[in-house]
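Below is the file start_21.cif, which contains mmCIF, C-alpha atoms and all ligand atoms.
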data_protein
loop_
_atom_site.group_PDB
_atom_site.id
_atom_site.type_symbol
_atom_site.label_atom_id
_atom_site.label_comp_id
_atom_site.auth_asym_id
_atom_site.auth_seq_id
_atom_site.Cartn_x
_atom_site.Cartn_y
_atom_site.Cartn_z
ATOM 1 C CA MET A 1 5.093 3.415 0.511
ATOM 2 C CA LEU A 2 3.630 4.904 3.692
ATOM 3 C CA HIS A 3 1.600 8.066 3.431
ATOM 4 C CA SER A 4 -0.243 10.106 6.039
ATOM 5 C CA ALA A 5 -3.714 9.180 7.242
ATOM 6 C CA LEU A 6 -5.015 12.220 5.373
ATOM 7 C CA ILE A 7 -3.561 11.084 2.037
ATOM 8 C CA ASN A 8 -4.903 7.564 2.638
ATOM 9 C CA VAL A 9 -8.417 8.984 3.066
ATOM 10 C CA MET A 10 -8.125 10.986 -0.157
ATOM 11 C CA VAL A 11 -6.670 8.067 -2.135
ATOM 12 C CA LYS A 12 -9.395 5.707 -0.950
ATOM 13 C CA ALA A 13 -12.122 8.125 -2.052
ATOM 14 C CA ALA A 14 -10.433 8.744 -5.416
ATOM 15 C CA ARG A 15 -9.975 5.038 -6.109
ATOM 16 C CA ARG A 16 -13.581 4.134 -5.248
ATOM 17 C CA ALA A 17 -14.980 6.876 -7.506
ATOM 18 C CA GLY A 18 -12.382 5.874 -10.092
ATOM 19 C CA ARG A 19 -13.709 2.305 -10.243
ATOM 20 C CA SER A 20 -17.161 3.707 -10.924
ATOM 21 C CA LEU A 21 -15.907 6.014 -13.701
ATOM 22 C CA LYS A 22 -13.938 3.181 -15.263
ATOM 23 C CA ARG A 23 -17.062 1.003 -15.438
ATOM 24 C CA ASP A 24 -18.917 3.947 -16.961
ATOM 25 C CA LEU A 25 -16.190 4.426 -19.555
ATOM 26 C CA GLY A 26 -16.869 0.904 -20.774
ATOM 27 C CA GLU A 27 -20.556 1.774 -21.196
ATOM 28 C CA ILE A 28 -19.688 4.979 -23.065
ATOM 29 C CA GLU A 29 -17.769 3.026 -25.650
ATOM 30 C CA HIS A 30 -21.096 1.335 -26.495
ATOM 31 C CA LEU A 31 -23.121 4.549 -26.341
ATOM 32 C CA GLN A 32 -20.809 6.305 -28.853
ATOM 33 C CA VAL A 33 -22.516 4.535 -31.711
ATOM 34 C CA SER A 34 -26.031 5.553 -30.691
ATOM 35 C CA LEU A 35 -27.506 8.704 -32.260
ATOM 36 C CA LYS A 36 -28.256 10.281 -28.913
ATOM 37 C CA GLY A 37 -24.677 9.736 -27.739
ATOM 38 C CA PRO A 38 -23.532 9.381 -24.147
ATOM 39 C CA ALA A 39 -24.049 13.007 -22.911
ATOM 40 C CA ASN A 40 -26.827 12.332 -20.382
ATOM 41 C CA PHE A 41 -25.115 9.200 -19.193
ATOM 42 C CA VAL A 42 -21.898 11.153 -18.586
ATOM 43 C CA SER A 43 -23.560 13.847 -16.524
ATOM 44 C CA LEU A 44 -24.982 11.084 -14.306
ATOM 45 C CA ALA A 45 -21.577 9.393 -14.037
ATOM 46 C CA ASP A 46 -20.121 12.705 -12.970
ATOM 47 C CA LYS A 47 -22.687 13.329 -10.230
ATOM 48 C CA ARG A 48 -22.477 9.755 -8.973
ATOM 49 C CA ALA A 49 -18.681 10.033 -8.640
ATOM 50 C CA GLU A 50 -18.991 13.297 -6.706
ATOM 51 C CA GLU A 51 -21.513 11.824 -4.278
ATOM 52 C CA MET A 52 -19.226 8.851 -3.631
ATOM 53 C CA ILE A 53 -16.301 11.157 -2.936
ATOM 54 C CA TYR A 54 -18.412 13.374 -0.699
ATOM 55 C CA THR A 55 -19.678 10.388 1.296
ATOM 56 C CA ASP A 56 -16.187 8.956 1.832
ATOM 57 C CA LEU A 57 -14.568 12.266 2.754
ATOM 58 C CA ALA A 58 -17.407 13.368 5.038
ATOM 59 C CA LYS A 59 -17.256 10.042 6.855
ATOM 60 C CA ALA A 60 -13.510 10.292 7.421
ATOM 61 C CA ARG A 61 -13.415 14.021 8.262
ATOM 62 C CA PRO A 62 -16.861 15.067 9.471
ATOM 63 C CA GLY A 63 -17.134 18.816 9.668
ATOM 64 C CA TYR A 64 -14.866 19.741 6.772
ATOM 65 C CA GLY A 65 -16.507 21.911 4.111
ATOM 66 C CA PHE A 66 -16.841 20.577 0.560
ATOM 67 C CA LEU A 67 -16.708 22.458 -2.734
ATOM 68 C CA GLY A 68 -17.545 20.212 -5.678
ATOM 69 C CA GLU A 69 -18.090 21.086 -9.310
ATOM 70 C CA GLU A 70 -21.437 19.330 -9.437
ATOM 71 C CA GLY A 71 -22.976 20.020 -6.021
ATOM 72 C CA GLY A 72 -21.429 23.425 -5.301
ATOM 73 C CA ASN A 73 -20.516 24.508 -1.814
ATOM 74 C CA ARG A 74 -21.502 22.486 1.280
ATOM 75 C CA GLU A 75 -20.557 24.324 4.433
ATOM 76 C CA GLY A 76 -19.013 22.385 7.273
ATOM 77 C CA SER A 77 -18.770 23.103 10.982
ATOM 78 C CA ASP A 78 -14.960 23.269 10.654
ATOM 79 C CA LYS A 79 -14.488 26.571 8.827
ATOM 80 C CA SER A 80 -10.755 26.174 8.301
ATOM 81 C CA HIS A 81 -10.841 23.028 6.123
ATOM 82 C CA THR A 82 -12.469 22.614 2.708
ATOM 83 C CA TRP A 83 -12.229 19.792 0.220
ATOM 84 C CA ILE A 84 -12.094 21.081 -3.364
ATOM 85 C CA VAL A 85 -13.206 18.365 -5.756
ATOM 86 C CA ASP A 86 -13.622 17.806 -9.468
ATOM 87 C CA PRO A 87 -15.142 14.307 -9.721
ATOM 88 C CA LEU A 88 -14.406 14.146 -13.438
ATOM 89 C CA ASP A 89 -11.902 16.496 -14.994
ATOM 90 C CA GLY A 90 -11.693 16.068 -18.743
ATOM 91 C CA THR A 91 -15.403 15.466 -19.336
ATOM 92 C CA THR A 92 -15.156 15.994 -23.085
ATOM 93 C CA ASN A 93 -12.428 13.358 -23.295
ATOM 94 C CA PHE A 94 -14.480 10.939 -21.168
ATOM 95 C CA LEU A 95 -17.540 11.554 -23.328
ATOM 96 C CA HIS A 96 -15.531 10.627 -26.411
ATOM 97 C CA GLY A 97 -13.909 7.593 -24.831
ATOM 98 C CA ILE A 98 -10.481 9.277 -24.717
ATOM 99 C CA PRO A 99 -8.658 7.936 -21.633
ATOM 100 C CA GLN A 100 -7.282 11.305 -20.473
ATOM 101 C CA PHE A 101 -9.484 12.283 -17.525
ATOM 102 C CA ALA A 102 -9.142 12.296 -13.763
ATOM 103 C CA ILE A 103 -10.619 12.731 -10.341
ATOM 104 C CA SER A 104 -9.084 15.689 -8.557
ATOM 105 C CA ILE A 105 -9.264 16.169 -4.779
ATOM 106 C CA GLY A 106 -7.570 19.050 -2.977
ATOM 107 C CA LEU A 107 -7.728 20.019 0.679
ATOM 108 C CA LYS A 108 -7.542 23.688 1.610
ATOM 109 C CA ARG A 109 -6.654 24.811 5.137
ATOM 110 C CA GLU A 110 -7.478 28.510 5.573
ATOM 111 C CA ASP A 111 -6.214 29.885 2.229
ATOM 112 C CA THR A 112 -3.597 27.263 1.448
ATOM 113 C CA VAL A 113 -3.964 23.930 -0.306
ATOM 114 C CA ILE A 114 -2.192 21.423 1.919
ATOM 115 C CA ALA A 115 -2.822 18.151 0.064
ATOM 116 C CA GLY A 116 -3.815 16.971 -3.403
ATOM 117 C CA VAL A 117 -4.675 13.699 -5.102
ATOM 118 C CA ILE A 118 -5.263 13.295 -8.832
ATOM 119 C CA TYR A 119 -6.243 9.871 -10.172
ATOM 120 C CA ASN A 120 -6.732 8.690 -13.735
ATOM 121 C CA PRO A 121 -8.600 5.369 -13.449
ATOM 122 C CA ALA A 122 -8.113 4.607 -17.152
ATOM 123 C CA ASN A 123 -4.378 3.997 -16.732
ATOM 124 C CA ASP A 124 -4.269 3.722 -12.930
ATOM 125 C CA GLU A 125 -1.927 6.702 -12.542
ATOM 126 C CA LEU A 126 -2.220 8.114 -9.032
ATOM 127 C CA TYR A 127 -0.586 11.441 -8.192
ATOM 128 C CA ILE A 128 -0.316 12.621 -4.623
ATOM 129 C CA ALA A 129 1.196 15.626 -2.869
ATOM 130 C CA GLU A 130 1.211 16.903 0.666
ATOM 131 C CA ARG A 131 2.641 20.218 1.794
ATOM 132 C CA GLY A 132 6.321 19.900 2.644
ATOM 133 C CA LYS A 133 6.369 16.163 1.864
ATOM 134 C CA GLY A 134 6.900 16.088 -1.914
ATOM 135 C CA ALA A 135 4.898 14.886 -4.899
ATOM 136 C CA PHE A 136 4.584 11.298 -6.124
ATOM 137 C CA LEU A 137 3.276 9.299 -9.072
ATOM 138 C CA ASN A 138 2.460 5.757 -7.999
ATOM 139 C CA ASP A 139 5.044 6.108 -5.224
ATOM 140 C CA GLN A 140 7.791 7.505 -7.464
ATOM 141 C CA ARG A 141 8.998 10.899 -6.305
ATOM 142 C CA LEU A 142 8.346 13.639 -8.863
ATOM 143 C CA ARG A 143 10.499 16.503 -10.027
ATOM 144 C CA VAL A 144 9.641 19.114 -12.667
ATOM 145 C CA ALA A 145 11.723 19.064 -15.858
ATOM 146 C CA GLY A 146 14.947 21.041 -15.730
ATOM 147 C CA ARG A 147 15.046 22.517 -19.279
ATOM 148 C CA ARG A 148 16.229 26.105 -19.529
ATOM 149 C CA LYS A 149 15.882 26.640 -23.271
ATOM 150 C CA LEU A 150 12.389 27.525 -24.394
ATOM 151 C CA ASN A 151 13.021 26.097 -27.867
ATOM 152 C CA GLU A 152 13.344 22.630 -26.277
ATOM 153 C CA CYS A 153 10.168 22.899 -24.223
ATOM 154 C CA VAL A 154 6.814 21.181 -24.724
ATOM 155 C CA ILE A 155 4.072 23.386 -23.329
ATOM 156 C CA ALA A 156 0.421 22.530 -22.714
ATOM 157 C CA CYS A 157 -2.438 24.989 -22.824
ATOM 158 C CA GLY A 158 -6.188 25.138 -22.639
ATOM 159 C CA LEU A 159 -8.094 26.382 -25.671
ATOM 160 C CA PRO A 160 -11.468 28.066 -25.428
ATOM 161 C CA HIS A 161 -14.167 26.345 -27.445
ATOM 162 C CA ILE A 162 -17.628 27.245 -28.643
ATOM 163 C CA GLY A 163 -19.394 29.526 -26.193
ATOM 164 C CA ARG A 164 -16.434 29.896 -23.820
ATOM 165 C CA GLY A 165 -13.477 32.188 -23.230
ATOM 166 C CA ASP A 166 -11.668 34.816 -25.283
ATOM 167 C CA HIS A 167 -10.873 33.173 -28.635
ATOM 168 C CA GLN A 168 -8.931 36.165 -29.973
ATOM 169 C CA LEU A 169 -6.643 36.298 -26.941
ATOM 170 C CA ALA A 170 -6.018 32.540 -27.156
ATOM 171 C CA LEU A 171 -4.908 32.933 -30.782
ATOM 172 C CA GLN A 172 -2.591 35.812 -29.834
ATOM 173 C CA GLU A 173 -1.056 33.688 -27.074
ATOM 174 C CA MET A 174 -0.427 30.793 -29.447
ATOM 175 C CA ALA A 175 1.052 33.163 -32.055
ATOM 176 C CA ALA A 176 3.369 34.709 -29.465
ATOM 177 C CA LEU A 177 4.699 31.316 -28.395
ATOM 178 C CA GLN A 178 4.708 29.071 -31.421
ATOM 179 C CA ASP A 179 8.004 30.212 -32.918
ATOM 180 C CA LYS A 180 9.735 29.964 -29.542
ATOM 181 C CA ILE A 181 8.888 26.454 -28.270
ATOM 182 C CA ALA A 182 9.333 22.833 -29.354
ATOM 183 C CA GLY A 183 5.607 22.012 -29.299
ATOM 184 C CA PHE A 184 2.128 22.744 -27.993
ATOM 185 C CA ARG A 185 -0.144 20.132 -26.417
ATOM 186 C CA ARG A 186 -3.850 20.427 -25.612
ATOM 187 C CA PHE A 187 -4.785 17.341 -23.646
ATOM 188 C CA GLY A 188 -8.174 18.460 -22.269
ATOM 189 C CA ALA A 189 -7.907 17.708 -18.550
ATOM 190 C CA ALA A 190 -6.448 20.555 -16.507
ATOM 191 C CA ALA A 191 -5.685 18.402 -13.462
ATOM 192 C CA LEU A 192 -3.579 16.059 -15.598
ATOM 193 C CA ASP A 193 -1.838 18.981 -17.320
ATOM 194 C CA PHE A 194 -0.591 20.064 -13.884
ATOM 195 C CA ALA A 195 0.268 16.470 -13.021
ATOM 196 C CA PHE A 196 2.281 16.101 -16.249
ATOM 197 C CA VAL A 197 4.236 19.264 -15.405
ATOM 198 C CA ALA A 198 4.927 17.855 -11.925
ATOM 199 C CA ALA A 199 6.099 14.605 -13.527
ATOM 200 C CA GLY A 200 8.464 16.435 -15.904
ATOM 201 C CA ARG A 201 6.544 15.181 -18.950
ATOM 202 C CA LEU A 202 5.540 18.719 -19.851
ATOM 203 C CA ASP A 203 7.836 21.696 -19.342
ATOM 204 C CA GLY A 204 5.022 24.136 -18.742
ATOM 205 C CA TYR A 205 1.283 24.756 -18.899
ATOM 206 C CA TRP A 206 -0.985 27.759 -18.945
ATOM 207 C CA GLU A 207 -4.731 28.202 -19.127
ATOM 208 C CA ARG A 208 -7.365 30.886 -18.536
ATOM 209 C CA ASN A 209 -10.892 30.593 -17.139
ATOM 210 C CA LEU A 210 -10.330 27.687 -14.816
ATOM 211 C CA GLN A 211 -12.228 26.974 -11.611
ATOM 212 C CA PRO A 212 -10.803 26.188 -8.151
ATOM 213 C CA TRP A 213 -11.571 22.459 -8.573
ATOM 214 C CA ASP A 214 -9.477 22.378 -11.779
ATOM 215 C CA ILE A 215 -6.525 23.916 -9.945
ATOM 216 C CA ALA A 216 -6.429 22.965 -6.235
ATOM 217 C CA ALA A 217 -4.778 19.531 -6.331
ATOM 218 C CA GLY A 218 -2.675 20.303 -9.418
ATOM 219 C CA GLN A 219 -1.200 23.428 -7.900
ATOM 220 C CA ILE A 220 0.234 21.642 -4.873
ATOM 221 C CA LEU A 221 1.528 18.776 -7.030
ATOM 222 C CA VAL A 222 3.578 21.145 -9.183
ATOM 223 C CA ARG A 223 4.841 23.105 -6.179
ATOM 224 C CA GLU A 224 5.839 19.976 -4.294
ATOM 225 C CA ALA A 225 7.676 18.785 -7.410
ATOM 226 C CA GLY A 226 9.763 21.949 -7.278
ATOM 227 C CA GLY A 227 7.826 24.002 -9.838
ATOM 228 C CA ILE A 228 6.279 27.462 -9.735
ATOM 229 C CA VAL A 229 2.538 28.093 -10.133
ATOM 230 C CA SER A 230 0.957 31.519 -10.342
ATOM 231 C CA GLY A 231 -1.751 33.483 -12.058
ATOM 232 C CA ILE A 232 -0.741 34.824 -15.478
ATOM 233 C CA GLU A 233 -0.423 38.293 -13.924
ATOM 234 C CA GLY A 234 2.167 36.768 -11.602
ATOM 235 C CA HIS A 235 -0.104 36.655 -8.527
ATOM 236 C CA ASP A 236 0.640 33.861 -6.161
ATOM 237 C CA ASN A 237 -2.771 32.353 -5.544
ATOM 238 C CA ALA A 238 -3.965 30.797 -8.797
ATOM 239 C CA LEU A 239 -7.031 29.477 -6.944
ATOM 240 C CA THR A 240 -8.447 32.974 -6.888
ATOM 241 C CA THR A 241 -7.051 34.317 -10.192
ATOM 242 C CA LYS A 242 -8.616 31.400 -12.098
ATOM 243 C CA ASN A 243 -5.908 31.562 -14.709
ATOM 244 C CA VAL A 244 -2.643 29.729 -14.267
ATOM 245 C CA VAL A 245 0.855 29.393 -15.575
ATOM 246 C CA CYS A 246 3.370 26.877 -14.277
ATOM 247 C CA GLY A 247 6.683 25.196 -14.955
ATOM 248 C CA ASN A 248 10.180 25.216 -13.536
ATOM 249 C CA GLU A 249 11.399 28.629 -12.400
ATOM 250 C CA PHE A 250 12.863 29.483 -15.807
ATOM 251 C CA VAL A 251 9.922 28.287 -17.909
ATOM 252 C CA HIS A 252 7.380 29.891 -15.583
ATOM 253 C CA GLY A 253 9.235 33.219 -15.794
ATOM 254 C CA GLU A 254 9.464 33.101 -19.588
ATOM 255 C CA LEU A 255 5.773 32.225 -19.968
ATOM 256 C CA VAL A 256 4.700 35.080 -17.678
ATOM 257 C CA LYS A 257 6.935 37.476 -19.639
ATOM 258 C CA ILE A 258 5.320 36.490 -22.936
ATOM 259 C CA LEU A 259 1.690 35.996 -21.850
ATOM 260 C CA LYS A 260 1.126 38.771 -19.332
ATOM 261 C CA PRO A 261 1.426 41.775 -21.687
ATOM 262 C CA LEU A 262 -1.030 40.244 -24.181
ATOM 263 C CA ALA A 263 -3.998 40.661 -21.833
ATOM 264 C CA ASP A 264 -3.009 44.134 -20.542
HETATM 265 C C1 LIG A 301 -12.252 21.197 -18.108
HETATM 266 C C2 LIG A 301 -10.920 20.556 -18.430
HETATM 267 C C3 LIG A 301 -10.301 21.220 -19.637
HETATM 268 C C4 LIG A 301 -10.170 22.719 -19.464
HETATM 269 C C5 LIG A 301 -11.525 23.320 -19.103
HETATM 270 C C6 LIG A 301 -12.093 22.658 -17.860
HETATM 271 P P1 LIG A 301 -14.140 19.628 -17.002
HETATM 272 O O1 LIG A 301 -12.828 20.612 -16.929
HETATM 273 O O2 LIG A 301 -10.034 20.659 -17.344
HETATM 274 O O3 LIG A 301 -8.989 20.737 -19.895
HETATM 275 O O4 LIG A 301 -9.696 23.274 -20.662
HETATM 276 O O5 LIG A 301 -11.388 24.691 -18.913
HETATM 277 O O6 LIG A 301 -13.335 23.235 -17.551
HETATM 278 O O7 LIG A 301 -15.279 20.487 -17.467
HETATM 279 O O8 LIG A 301 -13.810 18.556 -17.947
HETATM 280 O O9 LIG A 301 -14.269 19.207 -15.588
HETATM 281 CA CA CA A 302 -12.525 20.422 -14.539
HETATM 282 CA CA CA A 303 -15.611 18.256 -14.097
#
Please rewrite the model in this file as C-alpha cells.
Ligand code: IPD
Ligand code: CA
Ligand code: CA
Amino acid sequence: MLHSALINVMVKAARRAGRSLKRDLGEIEHLQVSLKGPANFVSLADKRAEEMIYTDLAKARPGYGFLGEEGGNREGSDKSHTWIVDPLDGTTNFLHGIPQFAISIGLKREDTVIAGVIYNPANDELYIAERGKGAFLNDQRLRVAGRRKLNECVIACGLPHIGRGDHQLALQEMAALQDKIAGFRRFGAAALDFAFVAAGRLDGYWERNLQPWDIAAGQILVREAGGIVSGIEGHDNALTTKNVVCGNEFVHGELVKILKPLAD
C-alpha cells in the first residue's frame, strides 16, 4: 500500500530502531537468569533506539524539533513541527522479556498531532495514521469496536505501581467499573493500548499520569479509526492533560461519566 513520504520516513525510522530492540530482546532473555538482571542493559537499549530514531528523522526533516523520552527536548529551526518519540514504550515488559512493547513516533504541527506510527518489533505489528487519511495495521484499515453495551466491553487501564501515581484513586476507579464491564486488561504499554482500541481489540482505555510521548501517536490512531480521545475531565487535548480516556463515542462517554466525578 502507498503511503505519504512523511509516513515512509516515520516507518523507516521505527523499523530500524525496531530491529535493534529485537536483537536486544534476545540478549535480555539471557540476562534474565543473571543476578544483576538486565536493567542497565535495557536503559542502554532505550537510549540507542532513541538516537537512531533522532538521526533518521533529523536527516529526513532537518529543522523539525524533537521531544524524546530519553533525550528531552531538542529545539529545531522549524518551530511549527515537533517529533514526539518514545523509543521504547513498555519498558517493564521489555525488561521481563514480555513481547508487548513498541516504538512510538508522533508528529505535531502547531498544537495538533498530524501523523503517528507505533511499531512492535516483537510481532512485527505496524500501526500508522495520518490526519484525514485513516488508521492502518499492516495495511489493513482500522475501525474502533462498535459495542454499545458496557457489560460486553473489555477495557484497558494503567495501574500505578510502587512510587508512582495515586493508588487510592486507581482502586476507586477499578471498583466503580468492575461490576459494569466484561473485563479489565493491563498490558503495560500505553502506545499499544491506544493501538488496540484503534484496532477494535479493546473497547476502551483510560490512564492517568502519562507523558506526551506515551500519547501522541496513539491519540491520532484512535481518532483516525473513528474513536474519541480526551482527558478524563473531557478536555480535548490529552497531550496536555496527561490523562486519557478513549473508545467509541458511547464507550468514551460512559467512561468519562464514571471516572470524572471520582477525581473531583
Ligand atoms: C509506560 C507504559 C505503561 C504506562 C506507564 C508509562 P514506559 O511507559 O506506557 O503502560 O502505564 O505510565 O510510563 O516507561 O514503558 O516508556
Ligand atoms: Ca512510555
Ligand atoms: Ca519509554
Give me, as a PyMOL selection string, the set of residues whose atoms come within 9 Å of any atom of ligand LIG 301 (chain A), counting all atoms listed in the file. chain A and resi 69+86-94+101-102+157-161+164-165+186-193+207-211+213-215
Can you work out the spacing between CA of Arg147 in chain A and CA of Gly132 in chain A in Å, to one decimal?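 So the answer is 23.7 Å.
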If we count only C-alpha atoms and set the cut-off at 8 Å, which residues sit around range 111-121 of chain A, ignoring sequence neighbours fewer than 4 positions away in its own chain? Please answer as a ChimeraX atom specification. /A:7,10-11,14-15,18-19,21-22,100-107,125-131,191-192,195,216-218,220-221
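Nearest residue to ligand CA 303 (chain A), choosing from A:Met174, A:Val85, A:Val9, A:Leu31 and counting all atoms listed in the file: A:Val85.
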What would the selection look like, as a ChimeraX atom specification, if the PyMOL selection byres (((chain A and resi 260-264) around 10) and not hetatm) were run on the coordinates I just shared? /A:169-170,172-173,176,231-234,255-259
Report the distance between CA of Leu95 in chain A and CA of Gln32 in chain A in Å, rounded to one decimal place.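 Distance reported for this atom pair: 8.3 Å.
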Pick out the closest residue to Cys153 in chain A from this set: A:Glu110, A:Glu50, A:Glu254, A:Glu27. Count only C-alpha atoms. A:Glu254
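Going from CA of Gly134 in chain A over to CA of Ala225 in chain A, you cover 6.2 Å.
For the set A:Gly26, A:Gly63, A:Gly183, A:Gly37, the residue with the smallest atom-to-atom gap to Ile98 in chain A is A:Gly26, counting all atoms listed in the file.
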Just the residues within 9 Å of range 75-80 of chain A, please, counting all atoms listed in the file, with nothing from its chain fewer than 4 positions along; format it as a ChimeraX atom specification. /A:62-67,108-111
